[in-house]
Structure formats: C-alpha cells, structure tokens
$ cat upload-v1.tsv   # TSV, C-alpha atoms and all ligand atoms
chain	number	residue	atom	x	y	z
X	153	MET	CA	47.24	42.29	66.45
X	154	PRO	CA	46.48	38.56	66.11
X	155	LEU	CA	49.18	36.19	64.90
X	156	THR	CA	49.48	35.68	61.15
X	157	PRO	CA	48.64	32.11	59.99
X	158	SER	CA	52.23	31.22	58.98
X	159	PHE	CA	53.73	32.56	62.22
X	160	GLU	CA	51.03	30.73	64.13
X	161	GLN	CA	51.78	27.41	62.42
X	162	GLN	CA	55.50	27.89	62.98
X	163	ASN	CA	54.95	28.44	66.71
X	164	LEU	CA	52.61	25.46	67.00
X	165	THR	CA	55.15	23.21	65.30
X	166	MET	CA	57.96	24.43	67.56
X	167	PHE	CA	55.79	23.96	70.66
X	168	LEU	CA	54.94	20.38	69.63
X	169	VAL	CA	58.61	19.64	68.93
X	170	LEU	CA	59.54	20.90	72.39
X	171	CYS	CA	56.77	18.77	73.91
X	172	SER	CA	58.02	15.65	72.18
X	173	ASN	CA	61.58	16.33	73.40
X	174	ASP	CA	60.44	17.09	76.97
X	175	THR	CA	63.25	19.61	77.37
X	176	LEU	CA	62.57	20.91	80.91
X	177	SER	CA	65.35	20.03	83.33
X	178	GLU	CA	64.84	19.52	87.07
X	179	GLU	CA	66.74	22.77	87.64
X	180	VAL	CA	64.26	24.67	85.46
X	181	LEU	CA	61.29	23.07	87.20
X	182	GLN	CA	62.66	24.14	90.58
X	183	CYS	CA	63.18	27.70	89.28
X	184	LEU	CA	59.59	27.75	88.07
X	185	ARG	CA	58.51	27.68	91.72
X	186	LEU	CA	60.48	30.81	92.60
X	187	PRO	CA	59.57	34.52	92.57
X	188	SER	CA	62.80	35.22	90.72
X	189	PHE	CA	61.76	33.22	87.66
X	190	ASP	CA	62.20	35.49	84.63
X	191	CYS	CA	60.08	34.58	81.62
X	192	SER	CA	61.79	37.17	79.42
X	193	GLU	CA	64.56	34.62	78.84
X	194	TRP	CA	62.11	32.13	77.35
X	195	SER	CA	60.55	31.88	73.91
X	196	ASP	CA	56.77	31.76	73.49
X	197	GLU	CA	56.93	28.04	72.69
X	198	GLU	CA	58.98	27.38	75.82
X	199	ILE	CA	56.47	29.33	77.91
X	200	LEU	CA	53.72	27.12	76.51
X	201	LEU	CA	55.77	24.12	77.59
X	202	LEU	CA	56.10	25.60	81.09
X	203	MET	CA	52.35	26.14	81.23
X	204	GLN	CA	51.84	22.54	80.16
X	205	HIS	CA	54.13	21.48	83.02
X	206	MET	CA	51.86	23.22	85.54
X	207	TYR	CA	49.02	20.92	84.48
X	208	LEU	CA	51.29	17.87	84.51
X	209	HIS	CA	52.73	18.76	87.92
X	210	PHE	CA	49.28	18.33	89.49
X	211	ASP	CA	48.56	15.31	87.30
X	212	PHE	CA	45.43	17.00	85.89
X	213	PRO	CA	45.45	15.16	82.54
X	214	THR	CA	45.09	11.82	84.38
X	215	LYS	CA	42.75	13.07	87.12
X	216	TYR	CA	40.35	14.76	84.70
X	217	ASN	CA	40.85	12.57	81.64
X	218	ILE	CA	42.36	15.36	79.55
X	219	SER	CA	44.40	14.04	76.63
X	220	MET	CA	47.77	15.66	75.96
X	221	THR	CA	46.53	16.62	72.50
X	222	THR	CA	43.55	18.45	74.02
X	223	LEU	CA	45.75	20.17	76.61
X	224	ARG	CA	48.28	21.30	74.00
X	225	ASN	CA	45.56	22.49	71.63
X	226	PHE	CA	43.91	24.41	74.46
X	227	LEU	CA	47.16	26.10	75.47
X	228	PHE	CA	47.97	26.99	71.90
X	229	GLN	CA	44.49	28.43	71.33
X	230	VAL	CA	44.99	30.58	74.42
X	231	TYR	CA	48.36	31.75	73.10
X	232	LYS	CA	46.83	32.47	69.70
X	233	ASN	CA	44.05	34.61	71.17
X	234	TYR	CA	46.20	36.94	73.24
X	235	ASN	CA	46.89	40.20	71.43
X	236	GLU	CA	50.29	41.76	70.97
X	237	VAL	CA	49.60	44.63	73.36
X	238	PRO	CA	52.17	46.24	75.69
X	239	PHE	CA	51.00	44.69	78.96
X	240	HIS	CA	47.93	42.41	78.94
X	241	ASN	CA	49.54	39.92	76.60
X	242	PHE	CA	50.45	36.21	76.64
X	243	ARG	CA	53.58	36.75	78.78
X	244	HIS	CA	51.55	38.69	81.33
X	245	SER	CA	49.14	35.74	81.58
X	246	PHE	CA	52.10	33.46	82.23
X	247	CYS	CA	53.53	35.80	84.90
X	248	VAL	CA	50.18	35.94	86.68
X	249	THR	CA	49.90	32.17	86.52
X	250	GLN	CA	53.44	31.44	87.68
X	251	MET	CA	54.78	34.18	89.88
X	252	VAL	CA	54.86	33.87	93.62
X	253	SER	CA	54.50	36.70	96.04
X	254	ASN	CA	57.34	37.42	98.46
X	255	ALA	CA	54.85	37.77	101.30
X	256	GLN	CA	54.76	35.07	103.94
X	257	THR	CA	51.51	33.23	103.29
X	258	SER	CA	51.96	29.89	105.03
X	259	SER	CA	50.24	31.05	108.22
X	260	MET	CA	47.28	32.68	106.45
X	261	THR	CA	43.75	31.38	106.66
X	262	VAL	CA	42.18	30.42	103.34
X	263	PRO	CA	39.94	33.53	103.17
X	264	ALA	CA	42.93	35.77	104.01
X	265	LEU	CA	44.98	34.05	101.37
X	266	PHE	CA	42.31	34.64	98.73
X	267	VAL	CA	41.95	38.28	99.74
X	268	ARG	CA	45.69	38.62	99.29
X	269	LEU	CA	45.55	36.90	95.93
X	270	TRP	CA	42.76	39.25	94.91
X	271	VAL	CA	44.61	42.38	96.04
X	272	PHE	CA	48.03	41.53	94.59
X	273	GLY	CA	46.91	39.61	91.55
X	274	PHE	CA	46.41	35.90	91.04
X	275	GLN	CA	50.04	34.80	91.08
X	276	MET	CA	49.07	31.21	91.15
X	277	TYR	CA	51.40	28.31	90.46
X	278	ALA	CA	54.17	29.09	92.95
X	279	MET	CA	51.65	30.39	95.50
X	280	ILE	CA	49.71	27.12	95.29
X	281	LEU	CA	52.92	25.19	95.95
X	282	LYS	CA	54.14	27.55	98.67
X	283	VAL	CA	51.05	27.09	100.85
X	284	ASP	CA	50.11	23.60	99.64
X	285	LEU	CA	46.79	25.02	98.54
X	286	ILE	CA	45.69	21.78	96.91
X	287	LYS	CA	45.25	20.23	100.38
X	288	LEU	CA	43.05	23.13	101.46
X	289	ILE	CA	40.72	23.51	98.50
X	290	GLY	CA	41.15	20.41	96.35
X	291	ASP	CA	42.20	19.42	92.84
X	292	LEU	CA	39.31	20.81	90.84
X	293	GLU	CA	39.61	24.27	92.35
X	294	ILE	CA	43.34	24.34	91.60
X	295	LEU	CA	42.64	23.31	88.01
X	296	VAL	CA	40.09	26.13	87.76
X	297	LEU	CA	42.48	28.67	89.33
X	298	ILE	CA	45.37	27.85	87.02
X	299	THR	CA	43.14	27.80	83.95
X	300	SER	CA	41.50	31.08	85.01
X	301	CYS	CA	44.91	32.74	85.38
X	302	ILE	CA	46.03	31.54	81.98
X	303	CYS	CA	42.84	32.83	80.33
X	304	HIS	CA	42.17	35.96	82.38
X	305	ASP	CA	43.15	38.60	79.80
X	306	LEU	CA	42.30	36.73	76.58
X	307	ASP	CA	41.76	39.07	73.62
X	308	HIS	CA	42.53	42.09	75.82
X	309	PRO	CA	42.60	45.13	73.51
X	310	GLY	CA	45.23	46.92	75.57
X	311	TYR	CA	43.03	49.75	76.84
X	312	ASN	CA	42.30	50.36	80.51
X	313	ASN	CA	38.86	49.87	82.12
X	314	ILE	CA	37.97	53.57	82.14
X	315	TYR	CA	38.54	53.83	78.39
X	316	GLN	CA	36.68	50.58	77.72
X	317	VAL	CA	33.60	51.55	79.70
X	318	SER	CA	33.39	55.01	78.16
X	319	HIS	CA	33.83	53.73	74.59
X	320	ASP	CA	32.47	50.21	74.43
X	321	LYS	CA	28.87	49.07	75.06
X	322	VAL	CA	30.01	45.40	75.21
X	323	ALA	CA	32.44	46.24	78.04
X	324	LYS	CA	29.62	47.93	79.97
X	325	ASN	CA	27.51	44.79	79.55
X	326	TYR	CA	30.35	42.54	80.79
X	327	ILE	CA	30.82	44.72	83.86
X	328	TYR	CA	27.08	44.63	84.60
X	329	ILE	CA	26.96	40.81	84.34
X	330	THR	CA	30.12	40.44	86.44
X	331	LEU	CA	28.69	42.68	89.18
X	332	VAL	CA	25.48	40.65	89.24
X	333	ILE	CA	27.48	37.43	89.67
X	334	ILE	CA	29.90	38.66	92.34
X	335	SER	CA	27.07	40.32	94.28
X	336	ASP	CA	25.53	36.90	94.94
X	337	VAL	CA	27.06	35.59	98.19
X	338	SER	CA	26.29	31.98	97.23
X	339	PHE	CA	29.01	32.23	94.55
X	340	SER	CA	31.63	33.46	97.02
X	341	ILE	CA	34.44	31.11	98.03
X	342	PHE	CA	35.45	33.45	100.86
X	343	PHE	CA	32.57	32.45	103.11
X	344	ARG	CA	32.47	28.69	102.64
X	345	ARG	CA	34.78	27.77	105.51
M	401	ZN	ZN	45.90	40.67	83.69
$ encode --input "upload-v1.tsv" --output "structure tokens" --more "lines below"
Ligand SMILES: [Zn+2]
Amino acid sequence: MPLTPSFEQQNLTMFLVLCSNDTLSEEVLQCLRLPSFDCSEWSDEEILLLMQHMYLHFDFPTKYNISMTTLRNFLFQVYKNYNEVPFHNFRHSFCVTQMVSNAQTSSMTVPALFVRLWVFGFQMYAMILKVDLIKLIGDLEILVLITSCICHDLDHPGYNNIYQVSHDKVAKNYIYITLVIISDVSFSIFFRR
C-alpha cells in the first residue's frame, strides 16, 4: 500500500530535519561500510539520511551539479514509491545498496566482480569501497550503480516473477524488452575490458 499523504508529509519533514542537523557520527559512517550493518535499528528517515550520505561520500552533488534539494526530493520520491510489501520494500532497497558481501573480492577482475555482484545481488556501497571500484570504472558508473540499486524494486507489488508473468501482460512486456536489451552485446559492461 502507498503511504498516506499525512504520513508521507510527516516522514518528509523528519527527513529534512535530520538533514539539517547532520546527525551521522563518524562511528556510524564507519559501520555503514560493514557487512554487519543492521538497518532494522534505523527509522525510515534515518535510512534516507544514510542513502544521502552515499551520494555525499563520493561527492556526486558537486561532480554532477546535483543540488541537495534535488537529491533529497529524489530520495524521498523513491521512498514514497516503494510499497509496504514483505520483502521488496524500501528497506530491501537500502540493504541491496549498502550491504557488503563477506567474500574476498579485492583480487577479482572487474568482469568477475560484476558476475559476483550479479549472482549474489547488487550489494553496492560497501562493495564499491572494499574494492575501490571507483578507480576501476569511474564516477559516473558508480553513480549509476548506486542509483540503480536504490531504485531497483520501485513499486514492486510483492509477487514473484512466475506469478507476475502468468497474470500480468505488462510484466510480460517488460521481460521481453529487458531480454532484447541484455541480448545486445554492445550494452554489456562485462566485455569492455
Ligand atoms: Zn530486490
């Protein structure tokens, strides 16, 4: 179910208050890099603040001329458009964006790393820091990866793929378009190096 307007406004106000207070300690920021980080202890507004930090950490607002107002509005719109479903919800998007794998990745080649990310899920922020991915693929790609992780299950209805495909013509169309795109080798990042 989508958020009700009053609840939505309340969350936006609290998020903006947290932003203005800049309440993230150095200890928290260090924990954010770890696989043990547990988002269940954090409120939705605090999670939005942590997501904002991921953009600030890489200095994306300055590098890509993104105002803080635009960034905060974007993050809140993302939050607003996740459904309250058991798994593919806003907190899941944060976990995918933040969590690091326990696997040793520092010796992996870039294609191997991306295969691993594909197999185990795009657990981005800490993984990017762990292998210093920004040096390997550049700023813009990291911005795209983090943003993709944050958005990857937007408006997910909570049903699995098998149910969706057998009940929803729109889902079938999405799958067809996706297959067309990923079948084109020129779009593949695996083969560029
Ligand atoms: Zn997901």
$ closest_residue --input "upload-v1.tsv" --among "X:Val283, X:Val248, X:Ile314, X:Met203" --to "ligand ZN 401 (chain M)" --atoms "all atoms listed in the file"
X:Val248
$ residues_near_point --input "upload-v1.tsv" --point "(51.1, 44.7, 70.7)" --cutoff "12 Å" --atoms "all atoms listed in the file" --output "PyMOL selection string"
chain X and resi 153-155+234-243+307-311
$ residues_near_ligand --input "upload-v1.tsv" --ligand "ligand ZN 401 (chain M)" --cutoff "7 Å" --atoms "only C-alpha atoms and all ligand atoms" --output "VMD selection string"
chain X and resid 240 244 to 245 304 to 305
$ atom_distance --input "upload-v1.tsv" --atom1 "CA of Ile199 (chain X)" --atom2 "CA of Phe246 (chain X)"
7.4 Å
$ atom_distance --input "upload-v1.tsv" --atom1 "CA of Tyr326 (chain X)" --atom2 "CA of Val296 (chain X)"
20.3 Å
$ atom_distance --input "upload-v1.tsv" --atom1 "CA of Cys183 (chain X)" --atom2 "CA of Ser195 (chain X)"
16.1 Å
$ closest_residue --input "upload-v1.tsv" --among "X:Tyr328, X:Leu186, X:Tyr207, X:Met220" --to "Cys171 (chain X)" --atoms "only C-alpha atoms"
X:Met220
$ axis_aligned_box --input "upload-v1.tsv" --around "region 303-317 of chain X" --padding-each-side "8 Å" --output "JSON"
{"center_x": 39.4, "center_y": 43.3, "center_z": 77.9, "size_x": 27.6, "size_y": 37.0, "size_z": 24.9}
$ closest_residue --input "upload-v1.tsv" --among "X:Thr214, X:Met206, X:Lys321, X:Thr222" --to "Leu297 (chain X)" --atoms "all atoms listed in the file"
X:Met206
